[in-house]
>>> print(open('input_25.pdb').read())   # PDB, C-alpha atoms
ATOM      1  CA  GLY A  15     -30.462   1.818 -32.441  1.00  0.00           C
ATOM      2  CA  ASN A  16     -28.653  -1.374 -31.587  1.00  0.00           C
ATOM      3  CA  SER A  17     -25.210  -1.340 -30.011  1.00  0.00           C
ATOM      4  CA  VAL A  18     -22.717  -3.725 -28.452  1.00  0.00           C
ATOM      5  CA  THR A  19     -20.083  -2.686 -25.921  1.00  0.00           C
ATOM      6  CA  GLN A  20     -17.146  -4.941 -25.105  1.00  0.00           C
ATOM      7  CA  MET A  21     -14.543  -4.545 -22.414  1.00  0.00           C
ATOM      8  CA  GLU A  22     -11.486  -2.824 -23.743  1.00  0.00           C
ATOM      9  CA  GLY A  23      -8.377  -4.856 -24.332  1.00  0.00           C
ATOM     10  CA  PRO A  24      -5.903  -6.095 -24.758  1.00  0.00           C
ATOM     11  CA  VAL A  25      -6.213  -8.802 -22.139  1.00  0.00           C
ATOM     12  CA  THR A  26      -3.097 -10.762 -21.202  1.00  0.00           C
ATOM     13  CA  LEU A  27      -3.354 -13.906 -19.079  1.00  0.00           C
ATOM     14  CA  SER A  28      -1.149 -16.774 -18.047  1.00  0.00           C
ATOM     15  CA  GLU A  29      -2.014 -20.285 -19.174  1.00  0.00           C
ATOM     16  CA  GLU A  30      -4.728 -21.937 -17.015  1.00  0.00           C
ATOM     17  CA  ALA A  31      -6.018 -18.587 -15.755  1.00  0.00           C
ATOM     18  CA  PHE A  32      -9.744 -17.766 -15.629  1.00  0.00           C
ATOM     19  CA  LEU A  33     -11.083 -15.604 -18.441  1.00  0.00           C
ATOM     20  CA  THR A  34     -13.950 -13.140 -18.476  1.00  0.00           C
ATOM     21  CA  ILE A  35     -14.644 -10.791 -21.375  1.00  0.00           C
ATOM     22  CA  ASN A  36     -17.568  -8.491 -20.684  1.00  0.00           C
ATOM     23  CA  CYS A  37     -20.212  -7.692 -23.271  1.00  0.00           C
ATOM     24  CA  THR A  38     -23.320  -5.556 -22.850  1.00  0.00           C
ATOM     25  CA  TYR A  39     -25.855  -4.651 -25.477  1.00  0.00           C
ATOM     26  CA  THR A  40     -28.666  -2.272 -26.355  1.00  0.00           C
ATOM     27  CA  ALA A  41     -31.345  -3.511 -28.706  1.00  0.00           C
ATOM     28  CA  THR A  42     -35.007  -3.318 -29.522  1.00  0.00           C
ATOM     29  CA  GLY A  43     -36.969  -6.521 -29.588  1.00  0.00           C
ATOM     30  CA  TYR A  44     -35.419  -9.847 -28.670  1.00  0.00           C
ATOM     31  CA  PRO A  45     -32.043 -10.300 -30.313  1.00  0.00           C
ATOM     32  CA  SER A  46     -29.940 -13.401 -30.616  1.00  0.00           C
ATOM     33  CA  LEU A  47     -26.453 -13.042 -29.157  1.00  0.00           C
ATOM     34  CA  PHE A  48     -23.181 -14.434 -30.454  1.00  0.00           C
ATOM     35  CA  TRP A  49     -19.502 -14.637 -29.725  1.00  0.00           C
ATOM     36  CA  TYR A  50     -17.173 -14.858 -32.715  1.00  0.00           C
ATOM     37  CA  VAL A  51     -13.429 -15.526 -32.605  1.00  0.00           C
ATOM     38  CA  GLN A  52     -10.762 -14.414 -35.063  1.00  0.00           C
ATOM     39  CA  TYR A  53      -7.450 -16.249 -34.847  1.00  0.00           C
ATOM     40  CA  PRO A  54      -4.361 -14.542 -36.291  1.00  0.00           C
ATOM     41  CA  GLY A  55      -4.509 -14.510 -40.082  1.00  0.00           C
ATOM     42  CA  GLU A  56      -7.929 -16.149 -40.234  1.00  0.00           C
ATOM     43  CA  GLY A  57     -11.553 -15.120 -40.736  1.00  0.00           C
ATOM     44  CA  LEU A  58     -14.259 -14.796 -38.104  1.00  0.00           C
ATOM     45  CA  GLN A  59     -15.621 -18.062 -36.738  1.00  0.00           C
ATOM     46  CA  LEU A  60     -18.731 -18.554 -34.662  1.00  0.00           C
ATOM     47  CA  LEU A  61     -17.738 -19.590 -31.133  1.00  0.00           C
ATOM     48  CA  LEU A  62     -21.133 -19.822 -29.411  1.00  0.00           C
ATOM     49  CA  LYS A  63     -24.625 -18.407 -29.456  1.00  0.00           C
ATOM     50  CA  ALA A  64     -27.787 -17.912 -27.373  1.00  0.00           C
ATOM     51  CA  THR A  65     -31.172 -17.120 -28.850  1.00  0.00           C
ATOM     52  CA  LYS A  66     -33.301 -16.238 -25.818  1.00  0.00           C
ATOM     53  CA  ALA A  67     -33.060 -15.009 -22.237  1.00  0.00           C
ATOM     54  CA  ASP A  68     -31.312 -17.352 -19.777  1.00  0.00           C
ATOM     55  CA  ASP A  69     -29.933 -19.531 -22.577  1.00  0.00           C
ATOM     56  CA  LYS A  70     -26.328 -20.588 -22.082  1.00  0.00           C
ATOM     57  CA  GLY A  71     -24.139 -21.024 -25.132  1.00  0.00           C
ATOM     58  CA  SER A  72     -21.029 -23.178 -24.835  1.00  0.00           C
ATOM     59  CA  ASN A  73     -18.234 -24.459 -27.037  1.00  0.00           C
ATOM     60  CA  LYS A  74     -14.571 -25.480 -26.592  1.00  0.00           C
ATOM     61  CA  GLY A  75     -14.750 -24.758 -22.856  1.00  0.00           C
ATOM     62  CA  PHE A  76     -16.135 -21.247 -23.379  1.00  0.00           C
ATOM     63  CA  GLU A  77     -19.532 -20.263 -21.971  1.00  0.00           C
ATOM     64  CA  ALA A  78     -21.817 -17.242 -22.063  1.00  0.00           C
ATOM     65  CA  THR A  79     -25.291 -16.724 -20.589  1.00  0.00           C
ATOM     66  CA  TYR A  80     -27.918 -14.430 -22.122  1.00  0.00           C
ATOM     67  CA  ARG A  81     -28.932 -12.107 -19.249  1.00  0.00           C
ATOM     68  CA  LYS A  82     -31.873  -9.952 -20.273  1.00  0.00           C
ATOM     69  CA  GLU A  83     -32.123  -8.189 -16.899  1.00  0.00           C
ATOM     70  CA  THR A  84     -28.559  -6.868 -17.177  1.00  0.00           C
ATOM     71  CA  THR A  85     -28.458  -6.853 -21.031  1.00  0.00           C
ATOM     72  CA  SER A  86     -25.210  -8.786 -20.887  1.00  0.00           C
ATOM     73  CA  PHE A  87     -23.559 -11.773 -22.545  1.00  0.00           C
ATOM     74  CA  HIS A  88     -20.179 -12.147 -20.832  1.00  0.00           C
ATOM     75  CA  LEU A  89     -17.734 -14.739 -22.194  1.00  0.00           C
ATOM     76  CA  GLU A  90     -16.003 -17.016 -19.688  1.00  0.00           C
ATOM     77  CA  LYS A  91     -13.521 -19.863 -19.706  1.00  0.00           C
ATOM     78  CA  GLY A  92     -12.217 -21.639 -16.641  1.00  0.00           C
ATOM     79  CA  SER A  93      -8.697 -22.378 -17.876  1.00  0.00           C
ATOM     80  CA  VAL A  94      -7.275 -20.666 -20.943  1.00  0.00           C
ATOM     81  CA  GLN A  95      -4.618 -22.107 -23.212  1.00  0.00           C
ATOM     82  CA  VAL A  96      -2.008 -20.438 -25.413  1.00  0.00           C
ATOM     83  CA  SER A  97      -4.077 -21.551 -28.422  1.00  0.00           C
ATOM     84  CA  ASP A  98      -6.975 -19.346 -27.222  1.00  0.00           C
ATOM     85  CA  SER A  99      -4.991 -16.240 -28.145  1.00  0.00           C
ATOM     86  CA  ALA A 100      -7.238 -14.396 -30.618  1.00  0.00           C
ATOM     87  CA  VAL A 101      -9.624 -11.475 -31.008  1.00  0.00           C
ATOM     88  CA  TYR A 102     -13.112 -12.087 -29.600  1.00  0.00           C
ATOM     89  CA  PHE A 103     -16.184 -10.261 -30.920  1.00  0.00           C
ATOM     90  CA  CYS A 104     -19.581 -10.029 -29.275  1.00  0.00           C
ATOM     91  CA  ALA A 105     -22.481  -9.573 -31.688  1.00  0.00           C
ATOM     92  CA  LEU A 106     -26.232  -9.330 -31.731  1.00  0.00           C
ATOM     93  CA  LEU A 107     -28.714 -10.200 -34.433  1.00  0.00           C
ATOM     94  CA  ARG A 108     -32.202  -8.789 -34.177  1.00  0.00           C
ATOM     95  CA  THR A 109     -34.477 -11.716 -34.803  1.00  0.00           C
ATOM     96  CA  GLY A 110     -36.677 -11.317 -37.844  1.00  0.00           C
ATOM     97  CA  ALA A 111     -34.941  -8.213 -39.105  1.00  0.00           C
ATOM     98  CA  GLY A 112     -31.527  -9.653 -39.664  1.00  0.00           C
ATOM     99  CA  LYS A 113     -29.732  -6.504 -38.557  1.00  0.00           C
ATOM    100  CA  SER A 114     -26.419  -7.495 -37.050  1.00  0.00           C
ATOM    101  CA  THR A 115     -24.212  -5.364 -34.814  1.00  0.00           C
ATOM    102  CA  PHE A 116     -20.689  -6.236 -33.653  1.00  0.00           C
ATOM    103  CA  GLY A 117     -18.605  -4.959 -30.788  1.00  0.00           C
ATOM    104  CA  ASP A 118     -15.109  -3.655 -31.453  1.00  0.00           C
ATOM    105  CA  GLY A 119     -13.418  -6.846 -30.311  1.00  0.00           C
ATOM    106  CA  THR A 120     -11.191  -7.785 -27.379  1.00  0.00           C
ATOM    107  CA  THR A 121      -7.691  -9.086 -28.026  1.00  0.00           C
ATOM    108  CA  LEU A 122      -6.673 -11.944 -25.760  1.00  0.00           C
ATOM    109  CA  THR A 123      -3.067 -13.041 -25.392  1.00  0.00           C
ATOM    110  CA  VAL A 124      -2.305 -16.128 -23.320  1.00  0.00           C
ATOM    111  CA  LYS A 125       1.299 -16.613 -22.210  1.00  0.00           C
ATOM    112  CA  PRO A 126       2.812 -19.983 -21.309  1.00  0.00           C
TER     113      PRO A 126
ATOM    114  CA  GLU B  10     -19.385 -28.212 -47.393  1.00  0.00           C
ATOM    115  CA  ALA B  11     -17.430 -25.409 -49.045  1.00  0.00           C
ATOM    116  CA  GLY B  12     -17.201 -22.167 -47.117  1.00  0.00           C
ATOM    117  CA  VAL B  13     -17.768 -18.598 -48.212  1.00  0.00           C
ATOM    118  CA  ALA B  14     -15.388 -17.684 -51.018  1.00  0.00           C
ATOM    119  CA  GLN B  15     -14.056 -14.181 -51.606  1.00  0.00           C
ATOM    120  CA  SER B  16     -11.688 -12.687 -54.137  1.00  0.00           C
ATOM    121  CA  PRO B  17      -9.302 -11.065 -54.399  1.00  0.00           C
ATOM    122  CA  ARG B  18      -7.644 -11.546 -50.991  1.00  0.00           C
ATOM    123  CA  TYR B  19      -5.612  -8.373 -51.268  1.00  0.00           C
ATOM    124  CA  LYS B  20      -5.928  -5.219 -53.347  1.00  0.00           C
ATOM    125  CA  ILE B  21      -3.905  -2.016 -53.457  1.00  0.00           C
ATOM    126  CA  ILE B  22      -5.268   0.949 -55.422  1.00  0.00           C
ATOM    127  CA  GLU B  23      -4.767   4.690 -55.570  1.00  0.00           C
ATOM    128  CA  LYS B  24      -7.432   7.083 -54.361  1.00  0.00           C
ATOM    129  CA  ARG B  25     -10.091   7.944 -56.927  1.00  0.00           C
ATOM    130  CA  GLN B  26      -9.658   4.557 -58.625  1.00  0.00           C
ATOM    131  CA  SER B  27     -12.412   1.954 -58.632  1.00  0.00           C
ATOM    132  CA  VAL B  28     -12.347  -1.580 -57.222  1.00  0.00           C
ATOM    133  CA  ALA B  29     -14.682  -4.564 -57.098  1.00  0.00           C
ATOM    134  CA  PHE B  30     -14.898  -7.490 -54.696  1.00  0.00           C
ATOM    135  CA  TRP B  31     -16.599 -10.802 -55.332  1.00  0.00           C
ATOM    136  CA  CYS B  32     -18.288 -13.185 -52.912  1.00  0.00           C
ATOM    137  CA  ASN B  33     -19.773 -16.645 -53.344  1.00  0.00           C
ATOM    138  CA  PRO B  34     -21.798 -17.729 -50.296  1.00  0.00           C
ATOM    139  CA  ILE B  35     -22.312 -21.212 -48.921  1.00  0.00           C
ATOM    140  CA  SER B  36     -24.591 -23.175 -51.231  1.00  0.00           C
ATOM    141  CA  GLY B  37     -28.239 -22.753 -50.304  1.00  0.00           C
ATOM    142  CA  HIS B  38     -27.728 -19.747 -48.058  1.00  0.00           C
ATOM    143  CA  ALA B  39     -30.352 -17.152 -48.895  1.00  0.00           C
ATOM    144  CA  THR B  40     -28.927 -14.284 -46.847  1.00  0.00           C
ATOM    145  CA  LEU B  41     -25.681 -12.550 -47.795  1.00  0.00           C
ATOM    146  CA  TYR B  42     -23.923  -9.762 -45.897  1.00  0.00           C
ATOM    147  CA  TRP B  43     -21.115  -7.362 -46.758  1.00  0.00           C
ATOM    148  CA  TYR B  44     -19.163  -5.833 -43.876  1.00  0.00           C
ATOM    149  CA  GLN B  45     -16.379  -3.279 -43.610  1.00  0.00           C
ATOM    150  CA  GLN B  46     -13.839  -3.925 -40.865  1.00  0.00           C
ATOM    151  CA  ILE B  47     -11.460  -1.069 -40.168  1.00  0.00           C
ATOM    152  CA  LEU B  48      -8.311  -1.985 -38.241  1.00  0.00           C
ATOM    153  CA  GLY B  49      -9.032  -2.184 -34.517  1.00  0.00           C
ATOM    154  CA  GLN B  50     -12.806  -2.136 -34.938  1.00  0.00           C
ATOM    155  CA  GLY B  51     -15.561  -4.676 -35.268  1.00  0.00           C
ATOM    156  CA  PRO B  52     -17.240  -5.440 -38.587  1.00  0.00           C
ATOM    157  CA  LYS B  53     -19.744  -2.806 -39.707  1.00  0.00           C
ATOM    158  CA  LEU B  54     -22.656  -3.994 -41.828  1.00  0.00           C
ATOM    159  CA  LEU B  55     -22.737  -2.304 -45.231  1.00  0.00           C
ATOM    160  CA  ILE B  56     -25.517  -4.198 -46.975  1.00  0.00           C
ATOM    161  CA  GLN B  57     -27.618  -7.293 -46.480  1.00  0.00           C
ATOM    162  CA  PHE B  58     -29.390  -9.304 -49.178  1.00  0.00           C
ATOM    163  CA  GLN B  59     -32.179 -11.831 -48.822  1.00  0.00           C
ATOM    164  CA  ASN B  60     -31.994 -13.815 -52.066  1.00  0.00           C
ATOM    165  CA  ASN B  61     -31.567 -11.029 -54.660  1.00  0.00           C
ATOM    166  CA  GLY B  62     -33.412  -8.334 -52.685  1.00  0.00           C
ATOM    167  CA  VAL B  63     -31.864  -5.745 -50.369  1.00  0.00           C
ATOM    168  CA  VAL B  64     -32.948  -6.066 -46.706  1.00  0.00           C
ATOM    169  CA  ASP B  65     -30.761  -3.315 -45.256  1.00  0.00           C
ATOM    170  CA  ASP B  66     -28.354  -0.867 -46.884  1.00  0.00           C
ATOM    171  CA  SER B  67     -28.726   1.952 -44.370  1.00  0.00           C
ATOM    172  CA  GLN B  68     -24.964   2.158 -43.704  1.00  0.00           C
ATOM    173  CA  LEU B  69     -23.816   1.840 -47.304  1.00  0.00           C
ATOM    174  CA  PRO B  70     -22.245   5.092 -48.620  1.00  0.00           C
ATOM    175  CA  LYS B  71     -24.345   5.070 -51.748  1.00  0.00           C
ATOM    176  CA  ASP B  72     -22.506   7.934 -53.409  1.00  0.00           C
ATOM    177  CA  ARG B  73     -19.490   5.663 -53.905  1.00  0.00           C
ATOM    178  CA  PHE B  74     -20.418   2.113 -52.911  1.00  0.00           C
ATOM    179  CA  SER B  75     -22.722  -0.234 -54.795  1.00  0.00           C
ATOM    180  CA  ALA B  76     -23.538  -3.904 -54.484  1.00  0.00           C
ATOM    181  CA  GLU B  77     -25.571  -6.411 -56.403  1.00  0.00           C
ATOM    182  CA  ARG B  78     -26.680  -9.998 -56.158  1.00  0.00           C
ATOM    183  CA  LEU B  79     -28.456 -10.433 -59.447  1.00  0.00           C
ATOM    184  CA  LYS B  80     -29.235 -14.155 -59.406  1.00  0.00           C
ATOM    185  CA  GLY B  81     -29.525 -14.535 -55.652  1.00  0.00           C
ATOM    186  CA  VAL B  82     -26.254 -16.425 -55.385  1.00  0.00           C
ATOM    187  CA  ASP B  83     -22.912 -14.648 -55.715  1.00  0.00           C
ATOM    188  CA  SER B  84     -22.477 -10.931 -55.115  1.00  0.00           C
ATOM    189  CA  THR B  85     -20.219  -8.037 -56.102  1.00  0.00           C
ATOM    190  CA  LEU B  86     -19.357  -4.974 -54.016  1.00  0.00           C
ATOM    191  CA  LYS B  87     -17.914  -1.979 -55.866  1.00  0.00           C
ATOM    192  CA  ILE B  88     -16.261   1.230 -54.710  1.00  0.00           C
ATOM    193  CA  GLN B  89     -15.987   4.112 -57.157  1.00  0.00           C
ATOM    194  CA  PRO B  90     -14.121   6.365 -56.555  1.00  0.00           C
ATOM    195  CA  ALA B  91     -12.109   5.066 -53.602  1.00  0.00           C
ATOM    196  CA  LYS B  92     -10.987   7.300 -50.741  1.00  0.00           C
ATOM    197  CA  LEU B  93      -8.141   6.817 -48.288  1.00  0.00           C
ATOM    198  CA  GLU B  94     -10.635   6.072 -45.497  1.00  0.00           C
ATOM    199  CA  ASP B  95     -11.945   3.063 -47.451  1.00  0.00           C
ATOM    200  CA  SER B  96      -8.808   1.127 -46.476  1.00  0.00           C
ATOM    201  CA  ALA B  97     -10.187  -1.832 -44.558  1.00  0.00           C
ATOM    202  CA  VAL B  98     -10.963  -5.523 -44.746  1.00  0.00           C
ATOM    203  CA  TYR B  99     -14.198  -6.242 -46.610  1.00  0.00           C
ATOM    204  CA  LEU B 100     -15.919  -9.304 -45.266  1.00  0.00           C
ATOM    205  CA  CYS B 101     -18.661 -11.325 -46.865  1.00  0.00           C
ATOM    206  CA  ALA B 102     -20.870 -13.598 -44.781  1.00  0.00           C
ATOM    207  CA  SER B 103     -23.873 -15.793 -45.442  1.00  0.00           C
ATOM    208  CA  SER B 104     -26.581 -17.454 -43.413  1.00  0.00           C
ATOM    209  CA  SER B 105     -29.395 -19.854 -44.148  1.00  0.00           C
ATOM    210  CA  TYR B 106     -31.979 -17.426 -42.810  1.00  0.00           C
ATOM    211  CA  LEU B 107     -32.182 -13.850 -41.531  1.00  0.00           C
ATOM    212  CA  ALA B 108     -31.910 -14.765 -37.866  1.00  0.00           C
ATOM    213  CA  TYR B 109     -29.345 -17.548 -38.038  1.00  0.00           C
ATOM    214  CA  GLU B 110     -25.613 -17.463 -37.384  1.00  0.00           C
ATOM    215  CA  GLN B 111     -23.423 -16.086 -40.108  1.00  0.00           C
ATOM    216  CA  TYR B 112     -20.491 -17.820 -41.761  1.00  0.00           C
ATOM    217  CA  PHE B 113     -17.682 -15.534 -42.846  1.00  0.00           C
ATOM    218  CA  GLY B 114     -15.309 -15.613 -45.768  1.00  0.00           C
ATOM    219  CA  PRO B 115     -11.583 -14.826 -45.386  1.00  0.00           C
ATOM    220  CA  GLY B 116     -12.077 -11.195 -46.415  1.00  0.00           C
ATOM    221  CA  THR B 117     -10.429  -8.841 -48.905  1.00  0.00           C
ATOM    222  CA  ARG B 118      -7.843  -6.461 -47.510  1.00  0.00           C
ATOM    223  CA  LEU B 119      -8.059  -3.161 -49.400  1.00  0.00           C
ATOM    224  CA  THR B 120      -5.335  -0.542 -49.178  1.00  0.00           C
ATOM    225  CA  VAL B 121      -6.006   2.853 -50.757  1.00  0.00           C
ATOM    226  CA  THR B 122      -2.899   4.991 -51.243  1.00  0.00           C
TER     227      THR B 122
END
>>> encode(input="input_25.pdb", output="structure tokens")
Amino acid sequence: GNSVTQMEGPVTLSEEAFLTINCTYTATGYPSLFWYVQYPGEGLQLLLKATKADDKGSNKGFEATYRKETTSFHLEKGSVQVSDSAVYFCALLRTGAGKSTFGDGTTLTVKP
Amino acid sequence: EAGVAQSPRYKIIEKRQSVAFWCNPISGHATLYWYQQILGQGPKLLIQFQNNGVVDDSQLPKDRFSAERLKGVDSTLKIQPAKLEDSAVYLCASSSYLAYEQYFGPGTRLTVT
């Protein structure tokens, strides 16, 4: 079956540090890949997406590249801010079937 | 554009009682999802509707959970009887098509005592 594995948290960084949150997946077919973010007290929001191999999704300074050869979709940001403190979820959606699978989330805390 | 609406936001019940959650998706979205999110874990898909038909309910505990989307718009998820391990946030999401990104509601936090 499908699965998503995220790096374990929590992750604590200083402001302006470089961020990487690892995500690897197992899936049949050709899934679409997503990163969602959940700010404290709020619902899940789509951060970025990629629908095919080698696609790069980007939003708000965050980027992730769909790597089929390594089955990965790592989230990166060059310079984090305190406002980026949240829980980040990697997810896959198997195209055509609609089955969605989420990772367990990685909590990021950014200190001033 | 209004987002996904859910009610209630919070619910506390005793074990063996029943509870129902309501979701109204974004207008025009054909696909509706119900997820269970236990503290410290990612959302787990319970059931997925395409219009008023069920696409996937393989992880729905059918002995106690039921869901319906009779007119292909809003949906209700019911638990009867509730167990302690059902304490979680129940999330509703919708998308315009099976393979498109999902938009989430604020969730209902259920506590079973």
>>> resolve_selection(input="input_25.pdb", expression="the ChimeraX specification (/A :<12) & /B", output="PyMOL selection string")
chain B and resi 12-15+18+39-59+63-68+98-118
>>> closest_residue(input="input_25.pdb", among="B:Pro90, B:Ala97, B:Arg25, B:Asn61", to="Ala76 in chain B", atoms="only C-alpha atoms")
B:Asn61
>>> residues_around(input="input_25.pdb", residues="Asp68 in chain A", least_positions_apart="6", cutoff="8 Å", atoms="all atoms listed in the file", output="PyMOL selection string")
chain A and resi 79-82
>>> resolve_selection(input="input_25.pdb", expression="the PyMOL selection byres ((chain A and resi 123) around 8)", output="list in words")
Pro24, Val25, Thr26, Leu27, Val96, Asp98, Ser99, Ala100, Thr121, Leu122, Val124 and Lys125 of chain A
>>> residues_around(input="input_25.pdb", residues="Gly92 in chain A", least_positions_apart="6", cutoff="10 Å", atoms="all atoms listed in the file", output="short mmCIF file (atom, residue, chain, number, x, y, z; two decimals) with C-alpha atoms, in the coordinates of the input")
data_model
loop_
_atom_site.label_atom_id
_atom_site.label_comp_id
_atom_site.auth_asym_id
_atom_site.auth_seq_id
_atom_site.Cartn_x
_atom_site.Cartn_y
_atom_site.Cartn_z
CA GLU A 30 -4.73 -21.94 -17.02
CA ALA A 31 -6.02 -18.59 -15.76
CA PHE A 32 -9.74 -17.77 -15.63
CA LEU A 33 -11.08 -15.60 -18.44
CA THR A 34 -13.95 -13.14 -18.48
CA GLY A 75 -14.75 -24.76 -22.86
CA PHE A 76 -16.14 -21.25 -23.38
CA GLU A 77 -19.53 -20.26 -21.97
#
>>> resolve_selection(input="input_25.pdb", expression="the PyMOL selection byres ((chain B and resi 24) around 7)", output="ChimeraX atom specification")
/B:22-23,25-26,91-93,121-122
>>> write_last_selection(input="input_25.pdb", atoms="C-alpha atoms", output="short mmCIF file (atom, residue, chain, number, x, y, z; two decimals), in the frame of the given file")
data_model
loop_
_atom_site.label_atom_id
_atom_site.label_comp_id
_atom_site.auth_asym_id
_atom_site.auth_seq_id
_atom_site.Cartn_x
_atom_site.Cartn_y
_atom_site.Cartn_z
CA ILE B 22 -5.27 0.95 -55.42
CA GLU B 23 -4.77 4.69 -55.57
CA ARG B 25 -10.09 7.94 -56.93
CA GLN B 26 -9.66 4.56 -58.62
CA ALA B 91 -12.11 5.07 -53.60
CA LYS B 92 -10.99 7.30 -50.74
CA LEU B 93 -8.14 6.82 -48.29
CA VAL B 121 -6.01 2.85 -50.76
CA THR B 122 -2.90 4.99 -51.24
#
>>> residues_around(input="input_25.pdb", residues="Asn36 in chain A", least_positions_apart="4", cutoff="6 Å", atoms="all atoms listed in the file", output="PyMOL selection string")
chain A and resi 20-21+88
>>> atom_distance(input="input_25.pdb", atom1="CA of Phe74 in chain B", atom2="CA of Ser36 in chain B")
25.7 Å
>>> atom_distance(input="input_25.pdb", atom1="CA of Gly15 in chain A", atom2="CA of Phe87 in chain A")
18.2 Å
>>> build_atoms(input="input_25.pdb", residues="range 36-42 of chain A", atoms="all heavy atoms", output="compact mmCIF listing (two decimals), keeping the file's coordinate frame")
# COMPACT_ATOMS: atom_id res chain seq x y z
N ASN A 36 -16.23 -9.05 -20.86
CA ASN A 36 -17.57 -8.49 -20.68
C ASN A 36 -18.16 -7.99 -21.99
O ASN A 36 -17.46 -7.43 -22.84
CB ASN A 36 -17.52 -7.33 -19.69
CG ASN A 36 -17.26 -7.82 -18.28
OD1 ASN A 36 -17.47 -8.98 -17.95
ND2 ASN A 36 -16.78 -6.92 -17.43
N CYS A 37 -19.47 -8.18 -22.12
CA CYS A 37 -20.21 -7.69 -23.27
C CYS A 37 -21.60 -7.26 -22.81
O CYS A 37 -22.30 -8.03 -22.15
CB CYS A 37 -20.35 -8.78 -24.34
SG CYS A 37 -21.47 -8.35 -25.70
N THR A 38 -21.97 -6.03 -23.11
CA THR A 38 -23.32 -5.56 -22.85
C THR A 38 -23.91 -5.04 -24.15
O THR A 38 -23.18 -4.66 -25.07
CB THR A 38 -23.35 -4.45 -21.78
OG1 THR A 38 -22.52 -3.38 -22.22
CG2 THR A 38 -22.88 -4.96 -20.44
N TYR A 39 -25.22 -5.02 -24.22
CA TYR A 39 -25.86 -4.65 -25.48
C TYR A 39 -27.06 -3.75 -25.25
O TYR A 39 -27.63 -3.69 -24.15
CB TYR A 39 -26.29 -5.91 -26.25
CG TYR A 39 -27.42 -6.66 -25.60
CD1 TYR A 39 -28.75 -6.37 -25.89
CD2 TYR A 39 -27.16 -7.64 -24.65
CE1 TYR A 39 -29.78 -7.05 -25.27
CE2 TYR A 39 -28.19 -8.33 -24.03
CZ TYR A 39 -29.50 -8.02 -24.34
OH TYR A 39 -30.52 -8.69 -23.72
N THR A 40 -27.43 -3.04 -26.30
CA THR A 40 -28.67 -2.27 -26.36
C THR A 40 -29.37 -2.67 -27.63
O THR A 40 -28.76 -2.65 -28.71
CB THR A 40 -28.38 -0.75 -26.39
OG1 THR A 40 -27.60 -0.40 -25.26
CG2 THR A 40 -29.67 0.04 -26.38
N ALA A 41 -30.63 -3.08 -27.51
CA ALA A 41 -31.34 -3.51 -28.71
C ALA A 41 -32.84 -3.42 -28.49
O ALA A 41 -33.32 -3.53 -27.36
CB ALA A 41 -30.97 -4.94 -29.07
N THR A 42 -33.55 -3.22 -29.57
CA THR A 42 -35.01 -3.32 -29.52
C THR A 42 -35.39 -4.76 -29.83
O THR A 42 -34.66 -5.49 -30.50
CB THR A 42 -35.66 -2.37 -30.54
OG1 THR A 42 -35.11 -2.67 -31.84
CG2 THR A 42 -35.33 -0.93 -30.21
